[in-house]
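Take a look at the structure set out below.
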Amino acid sequence: MAPTSKVGPSLSPVVVFLLGAASATALVVFFVTSAARPAWPALEAGAQRRGKVPGSATVRCSTPRANGTAGAEQHAGVTAPSANDETGADDGEAEFARMLRRAAMEDRTVIMTSVNEAWAAPGSLLDSFLESFRVGENVSHFVKHIVVVAMDEGAFRRCRAVHPHCHLLRPEKEGLDLSGAKSYMTKDYLDLVWSKLKLQQRILELGYNLLFTDVDVAWFRNPLVHITMAADITTSSDFYFGDPDDLGNFPNTGFIYFKSTPRNARAMAYWHAARRRFPENHDQFVFNEIKRELAGELGVRIRFIDAATVSGFCQLGRDLNRIATVHMTCCIGLENKLFDLKRVVADWKRYMAHPLWERRMGKIGWTFEGGRCIH
């Protein structure tokens, strides 16, 4: 018993000291956390006002000025523009924004093509273009994501008769007639091909990715699998030399993809402004001339698609098992383009009529049966 009585009193000061220290520490922690607690809601509220919340990847889209070059950030969490984003826009602009929402894919990609009255007439390019989606391999669903831009009233009426998403683009110059089959490189032809660029820029500004396709392109397989999100712009090639990042490749802007970023909106404005430096040339020529400027001065990454898959007559892919699209490139004149486009579609139908095992052997090729363009 004696050892016990000596130990007990000797421990009492230690216990008292520890209890006192613990109480003081708890009191300090309480005051510190109480003082710090209001900072987080204030920070969060400020972040919400700026469109970001800590820990969140979502960025709110804002609709830029109609003639501006600032666009919405491309992001996995981008949301569609609300009705408030269209405040102050005229009825045509508001309807165009609504059309884009209806046509957009889940990742906010819109496919766009453009036609005038001659290209949209019954039996002309628009009909063959749409037919290629019906006979292609698992591409028919893309039709509902296409916005057809009509360059004149006749094209607009015809478009509305055959397609749900049609937009009438008024010419920049009053009295300009864009309805006929324009001869290649004439002034009317140049006005026609350049008139679509500002609308493409607007689509990017509204926060949509854009895949532009000429109407003389036949779609047979999904070409989006050949587009990388690592690039700002992905373009088809008239002449492809093996390296998708080589700026020495020759682009074809009749099939070109833009991610929706401020940089691409600026690139589109830069491209359009460059027309003044090359007044007698079309948009594709100018793009090829400024591609290094876009990459160097604006930091735009441009990637080229192998012509064996997203193909055209300039450098035609011969393996139908790899073909995704065929463009009537290196071919001048509406009649010649239409003649060969119909034969490309006919050859595809013939190819698809064979059993799968026979198609996979790779021995079924193009015939073109009297084609008029360069093959």
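Each chain in the structure tokens gets a letter, A, B, ..., in the order shown, and its residues are numbered from 1; ligands are numbered from 1 in order too.
For range 238-248 of chain A, the residues within 6 Å (counting only C-alpha atoms, excluding itself and residues fewer than 2 positions away along the chain) are Phe250, Pro251, Asn252, Arg303, Phe304 and Cys314 of chain A.
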Written selection (N, CA, C and O atoms) as a CSV table (one decimal), in the first residue's frame:
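Okay, again_28.csv is ready:
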```csv
chain,number,residue,atom,x,y,z
A,250,PHE,N,-1.2,20.4,-98.2
A,250,PHE,CA,-2.1,21.4,-98.8
A,250,PHE,C,-3.5,21.2,-98.3
A,250,PHE,O,-4.1,20.1,-98.5
A,251,PRO,N,-4.1,22.2,-97.6
A,251,PRO,CA,-5.4,22.0,-97.0
A,251,PRO,C,-6.5,22.1,-98.0
A,251,PRO,O,-6.3,22.8,-99.1
A,252,ASN,N,-7.6,21.5,-97.7
A,252,ASN,CA,-8.9,21.7,-98.4
A,252,ASN,C,-9.9,22.2,-97.4
A,252,ASN,O,-10.3,21.4,-96.6
A,303,ARG,N,-4.1,20.6,-87.9
A,303,ARG,CA,-3.8,19.2,-88.1
A,303,ARG,C,-4.5,18.8,-89.4
A,303,ARG,O,-5.6,19.2,-89.7
A,304,PHE,N,-3.8,18.0,-90.2
A,304,PHE,CA,-4.3,17.6,-91.6
A,304,PHE,C,-4.7,16.1,-91.5
A,304,PHE,O,-4.1,15.3,-90.9
A,314,CYS,N,-8.4,15.3,-105.9
A,314,CYS,CA,-7.0,15.7,-106.1
A,314,CYS,C,-6.0,14.6,-105.7
A,314,CYS,O,-5.0,14.4,-106.4
```
Dump as JSON lines the rows for residues of range 303-339 of chain A within 12 Å of range 106-124 of chain A: closest atom pair and distance in Å with one decimal, only C-alpha atoms counted, ordered by chain and rising residue number.
```
{"residue": "A:Gly333", "atom": "CA", "partner": "A:Trp119", "partner_atom": "CA", "distance": 11.2}
{"residue": "A:Leu334", "atom": "CA", "partner": "A:Trp119", "partner_atom": "CA", "distance": 7.8}
{"residue": "A:Glu335", "atom": "CA", "partner": "A:Ser124", "partner_atom": "CA", "distance": 8.9}
{"residue": "A:Asn336", "atom": "CA", "partner": "A:Ser124", "partner_atom": "CA", "distance": 11.3}
{"residue": "A:Lys337", "atom": "CA", "partner": "A:Ser124", "partner_atom": "CA", "distance": 9.7}
{"residue": "A:Leu338", "atom": "CA", "partner": "A:Ser124", "partner_atom": "CA", "distance": 6.6}
{"residue": "A:Phe339", "atom": "CA", "partner": "A:Ser124", "partner_atom": "CA", "distance": 9.4}
```
Write a file of the selected residues as a PDB file, in the first residue's frame, keeping N, CA, C and O atoms.
```
ATOM      1  N   GLY A 333     -16.740  23.332-112.331  1.00  0.00           N
ATOM      2  CA  GLY A 333     -18.044  23.385-112.976  1.00  0.00           C
ATOM      3  C   GLY A 333     -19.086  22.551-112.269  1.00  0.00           C
ATOM      4  O   GLY A 333     -18.840  21.401-111.894  1.00  0.00           O
ATOM      5  N   LEU A 334     -20.260  23.143-112.066  1.00  0.00           N
ATOM      6  CA  LEU A 334     -21.351  22.458-111.381  1.00  0.00           C
ATOM      7  C   LEU A 334     -21.732  21.158-112.084  1.00  0.00           C
ATOM      8  O   LEU A 334     -21.900  20.117-111.437  1.00  0.00           O
ATOM      9  N   GLU A 335     -21.871  21.180-113.387  1.00  0.00           N
ATOM     10  CA  GLU A 335     -22.295  19.978-114.110  1.00  0.00           C
ATOM     11  C   GLU A 335     -21.286  18.848-113.942  1.00  0.00           C
ATOM     12  O   GLU A 335     -21.677  17.685-113.764  1.00  0.00           O
ATOM     13  N   ASN A 336     -20.004  19.164-114.008  1.00  0.00           N
ATOM     14  CA  ASN A 336     -18.983  18.135-113.854  1.00  0.00           C
ATOM     15  C   ASN A 336     -18.954  17.573-112.436  1.00  0.00           C
ATOM     16  O   ASN A 336     -18.846  16.346-112.242  1.00  0.00           O
ATOM     17  N   LYS A 337     -19.070  18.450-111.455  1.00  0.00           N
ATOM     18  CA  LYS A 337     -19.101  17.997-110.060  1.00  0.00           C
ATOM     19  C   LYS A 337     -20.302  17.086-109.815  1.00  0.00           C
ATOM     20  O   LYS A 337     -20.178  16.019-109.195  1.00  0.00           O
ATOM     21  N   LEU A 338     -21.457  17.512-110.285  1.00  0.00           N
ATOM     22  CA  LEU A 338     -22.672  16.736-110.071  1.00  0.00           C
ATOM     23  C   LEU A 338     -22.599  15.396-110.787  1.00  0.00           C
ATOM     24  O   LEU A 338     -22.983  14.356-110.234  1.00  0.00           O
ATOM     25  N   PHE A 339     -22.089  15.398-112.012  1.00  0.00           N
ATOM     26  CA  PHE A 339     -21.964  14.169-112.788  1.00  0.00           C
ATOM     27  C   PHE A 339     -21.128  13.138-112.022  1.00  0.00           C
ATOM     28  O   PHE A 339     -21.525  11.972-111.875  1.00  0.00           O
TER      29      PHE A 339
END
```
Within 6 Å of range 129-145 of chain A, counting only C-alpha atoms, which residues show up once you throw out same-chain ones fewer than 4 positions away? Write them as an MDAnalysis selection string, please. chainID A and resid 103:104 110:111 125 215 218:221
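Here the residues within range 88-124 of chain A that DSSP labels helix (DSSP H, G or I) on the basis of the backbone are Asp91, Gly92, Glu93, Ala94, Glu95, Phe96, Ala97, Arg98, Met99, Leu100, Arg101, Arg102, Ala103, Glu117, Ala118, Trp119 and Ala120 of chain A.
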Return as a ChimeraX atom specification the full set of residues in range 83-288 of chain A whose backbone-based DSSP assignment is strand (DSSP E or B). /A:109-115,146-150,166-168,209-213,217-219,233-239,250-258
Rounded to one decimal, what separation in Å do you get between CA of Glu93 in chain A and CA of Thr253 in chain A?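 Pair CA of Glu93 in chain A / CA of Thr253 in chain A returns 25.2 Å.
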Need the shell around Ile203 in chain A: protein/DNA/RNA residues with any atom at most 9 Å away, counting only C-alpha atoms. Skip same-chain ones fewer than 3 positions apart. Format as an MDAnalysis selection string? chainID A and resid 97 100 110 198:200 206:210 260 265
Write out as a ChimeraX atom specification the residues lying within 10 Å of Arg318 in chain A, counting only C-alpha atoms and excluding same-chain residues fewer than 2 positions away. /A:307-309,311,315-316,320-323,362-366,375
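The spacing separating CA of Ala269 in chain A from CA of Arg98 in chain A amounts to 23.4 Å.
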